[in-house]
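**Student:** My structure is below; once you've seen it, I'll send some questions.
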Amino acid sequence: MRLLRAPGVYAPQDDTALLVEAMHAAAIPAGARVLDIGTGTGALAIAAIRAGASEVTGVDVSRRAVWTARVNAALRRMPLRVRLGNALEVVEDERFDLVLSNPPYVPASNPCTATGPARAWDAGLDGRQLLDPLCARMFELLRPGGVLLMVHSALCGVDTTLRQLRDCGLKASVVQRRRVPFGPVMRGRIGFLEQHGLIESGQRDEELVVIRGDRPERPQGDGGA
């Protein structure tokens, strides 16, 4: 899928493709209500519409990304709603059948909040600056029976993500894995990553994972009539 991309907007890469594969494997039901957190170019949101979703909302903190996603959807005459801001705030009162997220997850030497294009990838010293709050709020964003599909690097702590999702009431597992060569951002941080024990000496690739979280149809322990 060829998409327009404004300068500074995250370009769909291996993590985007892996998440699209996981979405198709999950076989989302026709008419699903979908949220795409960190929509960027709108690639995931547009893929969800093509897969049969009836109502898709993309959210991004970047004005350029919001504009880009709106233009890409309009060019395809697709009914994509795109909103500016933190998804945990702008859709906090809404619930979805499917939440897709390719959040920033690259460990950064500067623990402060990233600015400019780096907002698309920088995520604090351990790469979890955005992952942790997403995990904590995910149960509330999903309808009963709803599904989360989220991609991130294994460098950020797969077990941590699984534990946090389970602690908030979701069933969680890894459904996709793929090793990919370091991109430009990671190659520029090899010294930092080695120094902090995030990669082995000489390592030049990483494992991407897609984590699935399922909100139960009914509260655990409720056996019904």
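Scheme for the structure tokens: letters A, B, ... for chains in order shown; per-chain residue numbers from 1; ligand numbers from 1 in order shown.
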Might you pull out every residue within 12 Å of Ile190 of chain A, with only C-alpha atoms counted and same-chain residues fewer than 3 positions away left off, and present them as an MDAnalysis selection string?

**Tutor:** chainID A and resid 106:109 182:187 193:206

**Student:** Write out as a PyMOL selection string each polymer residue whose atoms come within 10 Å of Ala25 of chain A, counting only C-alpha atoms; drop sequence neighbours fewer than 5 positions from it.

**Tutor:** chain A and resi 19-20+175-176

**Student:** Write down as a list in words the residues of segment 157-213 of chain A whose backbone DSSP state falls under strand (DSSP E or B).

**Tutor:**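 Here are the strand (DSSP E or B) residues of segment 157-213 of chain A: Lys171, Ala172, Ser173, Val174, Val175, Gln176, Arg177, Arg178, Arg179, Val180, Pro181, Asp205, Glu206, Glu207, Leu208, Val209, Val210, Ile211, Arg212 and Gly213 of chain A.
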
**Student:** Selected residues, N, CA, C and O atoms, written as a compact mmCIF listing (two decimals), in the first residue's frame, please.

**Tutor:**
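Output file again_8.txt is given in full below:
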# COMPACT_ATOMS: atom_id res chain seq x y z
N LYS A 171 -6.50 -11.60 28.97
CA LYS A 171 -5.71 -12.76 28.61
C LYS A 171 -4.67 -12.29 27.60
O LYS A 171 -5.03 -11.60 26.64
N ALA A 172 -3.41 -12.64 27.79
CA ALA A 172 -2.37 -12.07 26.95
C ALA A 172 -1.39 -13.13 26.48
O ALA A 172 -1.02 -14.03 27.25
N SER A 173 -0.95 -13.01 25.22
CA SER A 173 0.02 -13.95 24.66
C SER A 173 0.71 -13.30 23.47
O SER A 173 0.22 -12.32 22.90
N VAL A 174 1.86 -13.86 23.10
CA VAL A 174 2.57 -13.43 21.89
C VAL A 174 2.03 -14.23 20.71
O VAL A 174 2.01 -15.46 20.75
N VAL A 175 1.60 -13.53 19.66
CA VAL A 175 1.00 -14.22 18.52
C VAL A 175 1.85 -14.12 17.25
O VAL A 175 1.60 -14.84 16.28
N GLN A 176 2.83 -13.22 17.23
CA GLN A 176 3.71 -13.09 16.07
C GLN A 176 5.11 -12.71 16.55
O GLN A 176 5.25 -11.94 17.51
N ARG A 177 6.12 -13.25 15.89
CA ARG A 177 7.51 -12.90 16.17
C ARG A 177 8.26 -12.80 14.84
O ARG A 177 7.99 -13.56 13.91
N ARG A 178 9.22 -11.87 14.80
CA ARG A 178 10.07 -11.76 13.60
C ARG A 178 11.36 -11.03 13.95
O ARG A 178 11.33 -9.99 14.61
N ARG A 179 12.47 -11.59 13.52
CA ARG A 179 13.76 -10.91 13.70
C ARG A 179 14.02 -10.03 12.49
O ARG A 179 13.85 -10.46 11.34
N VAL A 180 14.44 -8.79 12.76
CA VAL A 180 14.69 -7.84 11.68
C VAL A 180 16.01 -7.12 11.95
O VAL A 180 16.41 -6.94 13.10
N PRO A 181 16.71 -6.68 10.91
CA PRO A 181 17.94 -5.91 11.11
C PRO A 181 17.62 -4.57 11.76
O PRO A 181 16.54 -4.02 11.58
N ASP A 205 20.57 -6.97 15.21
CA ASP A 205 19.17 -7.19 14.86
C ASP A 205 18.35 -7.29 16.13
O ASP A 205 18.89 -7.35 17.23
N GLU A 206 17.05 -7.26 15.99
CA GLU A 206 16.14 -7.34 17.13
C GLU A 206 14.95 -8.21 16.77
O GLU A 206 14.64 -8.42 15.60
N GLU A 207 14.28 -8.70 17.79
CA GLU A 207 13.05 -9.46 17.58
C GLU A 207 11.86 -8.54 17.82
O GLU A 207 11.77 -7.90 18.87
N LEU A 208 10.96 -8.49 16.85
CA LEU A 208 9.69 -7.79 17.02
C LEU A 208 8.63 -8.80 17.43
O LEU A 208 8.64 -9.95 16.95
N VAL A 209 7.75 -8.39 18.30
CA VAL A 209 6.67 -9.28 18.74
C VAL A 209 5.34 -8.54 18.63
O VAL A 209 5.27 -7.33 18.82
N VAL A 210 4.31 -9.29 18.31
CA VAL A 210 2.94 -8.77 18.41
C VAL A 210 2.29 -9.48 19.59
O VAL A 210 2.25 -10.71 19.65
N ILE A 211 1.80 -8.69 20.52
CA ILE A 211 1.15 -9.21 21.71
C ILE A 211 -0.36 -9.02 21.58
O ILE A 211 -0.83 -7.93 21.23
N ARG A 212 -1.07 -10.08 21.85
CA ARG A 212 -2.54 -10.04 21.80
C ARG A 212 -3.09 -10.07 23.22
O ARG A 212 -2.65 -10.88 24.05
N GLY A 213 -4.02 -9.18 23.48
CA GLY A 213 -4.72 -9.18 24.75
C GLY A 213 -6.22 -9.28 24.50
O GLY A 213 -6.77 -8.56 23.68

**Student:** Find the residues around segment 78-93 of chain A up to 8 Å (only C-alpha atoms counted), leave out those fewer than 2 positions away in its own chain, and share them as a PyMOL selection string.

**Tutor:** chain A and resi 37+45-46+49+55-63+66+69-70+73-76+95+134+137+141

**Student:** I need the chosen residues saved as a compact mmCIF listing (two decimals), in the first residue's frame, with N, CA, C and O atoms.

**Tutor:**
# COMPACT_ATOMS: atom_id res chain seq x y z
N ILE A 37 -3.97 3.41 17.76
CA ILE A 37 -3.22 4.33 18.62
C ILE A 37 -1.86 4.63 18.00
O ILE A 37 -1.06 3.73 17.78
N ALA A 45 -4.97 1.80 10.25
CA ALA A 45 -6.39 2.14 10.23
C ALA A 45 -7.01 1.81 8.88
O ALA A 45 -8.12 1.24 8.80
N ILE A 46 -6.32 2.15 7.80
CA ILE A 46 -6.82 1.85 6.46
C ILE A 46 -6.88 0.34 6.24
O ILE A 46 -7.85 -0.18 5.66
N ILE A 49 -10.02 -0.94 7.88
CA ILE A 49 -11.23 -0.68 7.09
C ILE A 49 -11.33 -1.68 5.95
O ILE A 49 -12.40 -2.23 5.67
N GLU A 55 -16.21 1.12 11.74
CA GLU A 55 -15.93 2.42 12.36
C GLU A 55 -14.51 2.40 12.90
O GLU A 55 -14.20 1.65 13.83
N VAL A 56 -13.63 3.20 12.31
CA VAL A 56 -12.22 3.20 12.69
C VAL A 56 -11.81 4.60 13.10
O VAL A 56 -12.08 5.57 12.40
N THR A 57 -11.14 4.67 14.25
CA THR A 57 -10.62 5.94 14.77
C THR A 57 -9.11 5.83 14.88
O THR A 57 -8.59 4.90 15.50
N GLY A 58 -8.40 6.78 14.27
CA GLY A 58 -6.96 6.87 14.42
C GLY A 58 -6.63 8.07 15.31
O GLY A 58 -7.25 9.12 15.19
N VAL A 59 -5.67 7.89 16.20
CA VAL A 59 -5.27 8.96 17.11
C VAL A 59 -3.77 9.12 17.05
O VAL A 59 -3.03 8.13 17.02
N ASP A 60 -3.31 10.37 17.05
CA ASP A 60 -1.86 10.63 17.05
C ASP A 60 -1.60 11.98 17.72
O ASP A 60 -2.43 12.89 17.64
N VAL A 61 -0.43 12.09 18.36
CA VAL A 61 -0.06 13.35 19.02
C VAL A 61 0.56 14.33 18.03
O VAL A 61 0.76 15.50 18.36
N SER A 62 0.86 13.88 16.82
CA SER A 62 1.48 14.71 15.80
C SER A 62 0.43 15.30 14.86
O SER A 62 -0.36 14.57 14.25
N ARG A 63 0.44 16.64 14.73
CA ARG A 63 -0.48 17.28 13.80
C ARG A 63 -0.21 16.84 12.36
O ARG A 63 -1.12 16.66 11.57
N VAL A 66 -1.75 13.43 11.86
CA VAL A 66 -3.21 13.53 11.73
C VAL A 66 -3.59 13.99 10.33
O VAL A 66 -4.48 13.42 9.68
N ALA A 69 -2.81 11.10 7.78
CA ALA A 69 -3.78 10.01 7.83
C ALA A 69 -5.11 10.43 7.20
O ALA A 69 -5.75 9.65 6.47
N ARG A 70 -5.53 11.66 7.47
CA ARG A 70 -6.79 12.14 6.88
C ARG A 70 -6.70 12.20 5.35
O ARG A 70 -7.64 11.80 4.65
N ALA A 73 -6.71 8.64 3.85
CA ALA A 73 -8.05 8.05 3.89
C ALA A 73 -8.96 8.71 2.86
O ALA A 73 -9.73 8.03 2.16
N ALA A 74 -8.86 10.03 2.73
CA ALA A 74 -9.71 10.75 1.78
C ALA A 74 -9.42 10.34 0.34
O ALA A 74 -10.34 10.19 -0.48
N LEU A 75 -8.14 10.14 0.03
CA LEU A 75 -7.77 9.73 -1.32
C LEU A 75 -8.37 8.38 -1.67
O LEU A 75 -8.60 8.08 -2.86
N ARG A 76 -8.63 7.56 -0.66
CA ARG A 76 -9.21 6.23 -0.88
C ARG A 76 -10.71 6.20 -0.58
O ARG A 76 -11.32 5.15 -0.59
N ARG A 95 -15.35 2.68 23.82
CA ARG A 95 -14.93 1.28 23.91
C ARG A 95 -14.87 0.69 22.50
O ARG A 95 -15.66 1.05 21.63
N LEU A 134 -0.24 2.41 28.43
CA LEU A 134 -1.16 1.72 27.53
C LEU A 134 -1.66 0.42 28.15
O LEU A 134 -2.85 0.12 28.12
N ARG A 137 -4.28 0.88 30.94
CA ARG A 137 -5.61 1.37 30.58
C ARG A 137 -6.32 0.51 29.54
O ARG A 137 -7.46 0.82 29.17
N LEU A 141 -10.40 0.31 27.53
CA LEU A 141 -10.63 0.70 26.14
C LEU A 141 -11.36 -0.38 25.34
O LEU A 141 -11.93 -0.09 24.29

**Student:** Name all residues at most 9 Å from Gly52 of chain A (count only C-alpha atoms; drop same-chain ones fewer than 5 positions away) and give them as an MDAnalysis selection string.

**Tutor:** chainID A and resid 28:32 47

**Student:** Would you put the residues from that selection into a file with all heavy atoms, as a short mmCIF file (atom, residue, chain, number, x, y, z; two decimals), in the first residue's frame?

**Tutor:**
data_model
loop_
_atom_site.label_atom_id
_atom_site.label_comp_id
_atom_site.auth_asym_id
_atom_site.auth_seq_id
_atom_site.Cartn_x
_atom_site.Cartn_y
_atom_site.Cartn_z
N ILE A 28 -10.82 -10.17 12.35
CA ILE A 28 -11.73 -9.28 13.06
C ILE A 28 -13.12 -9.37 12.42
O ILE A 28 -13.24 -9.49 11.20
CB ILE A 28 -11.23 -7.83 13.06
CG1 ILE A 28 -11.15 -7.26 11.64
CG2 ILE A 28 -9.90 -7.71 13.74
CD1 ILE A 28 -10.84 -5.79 11.60
N PRO A 29 -14.16 -9.34 13.23
CA PRO A 29 -15.52 -9.49 12.68
C PRO A 29 -15.93 -8.29 11.84
O PRO A 29 -15.51 -7.15 12.10
CB PRO A 29 -16.39 -9.61 13.94
CG PRO A 29 -15.60 -8.91 15.01
CD PRO A 29 -14.16 -9.19 14.69
N ALA A 30 -16.75 -8.53 10.84
CA ALA A 30 -17.27 -7.44 10.02
C ALA A 30 -18.04 -6.48 10.92
O ALA A 30 -18.78 -6.90 11.82
CB ALA A 30 -18.17 -8.00 8.92
N GLY A 31 -17.85 -5.19 10.68
CA GLY A 31 -18.55 -4.21 11.48
C GLY A 31 -17.87 -3.85 12.78
O GLY A 31 -18.43 -3.12 13.60
N ALA A 32 -16.64 -4.33 12.98
CA ALA A 32 -15.94 -4.06 14.23
C ALA A 32 -15.64 -2.57 14.39
O ALA A 32 -15.43 -1.84 13.41
CB ALA A 32 -14.64 -4.85 14.29
N ALA A 47 -5.88 -0.40 6.73
CA ALA A 47 -5.91 -1.86 6.62
C ALA A 47 -7.10 -2.44 7.38
O ALA A 47 -7.72 -3.42 6.92
CB ALA A 47 -4.60 -2.45 7.16
#

**Student:** Could you check which of A:Cys168, A:Ala120, A:Ala17, A:Met23 is closest to Arg50 of chain A, using only C-alpha atoms?

**Tutor:**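 Of all the options, A:Met23 lies closest to Arg50 of chain A.
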
**Student:** With distances taken over only C-alpha atoms, which of A:Gly191, A:Pro216, A:Gly42, A:Pro103 is nearest to Asp15 of chain A?

**Tutor:**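 Looking only at the distances to Asp15 of chain A, the closest residue turns out to be A:Pro103.
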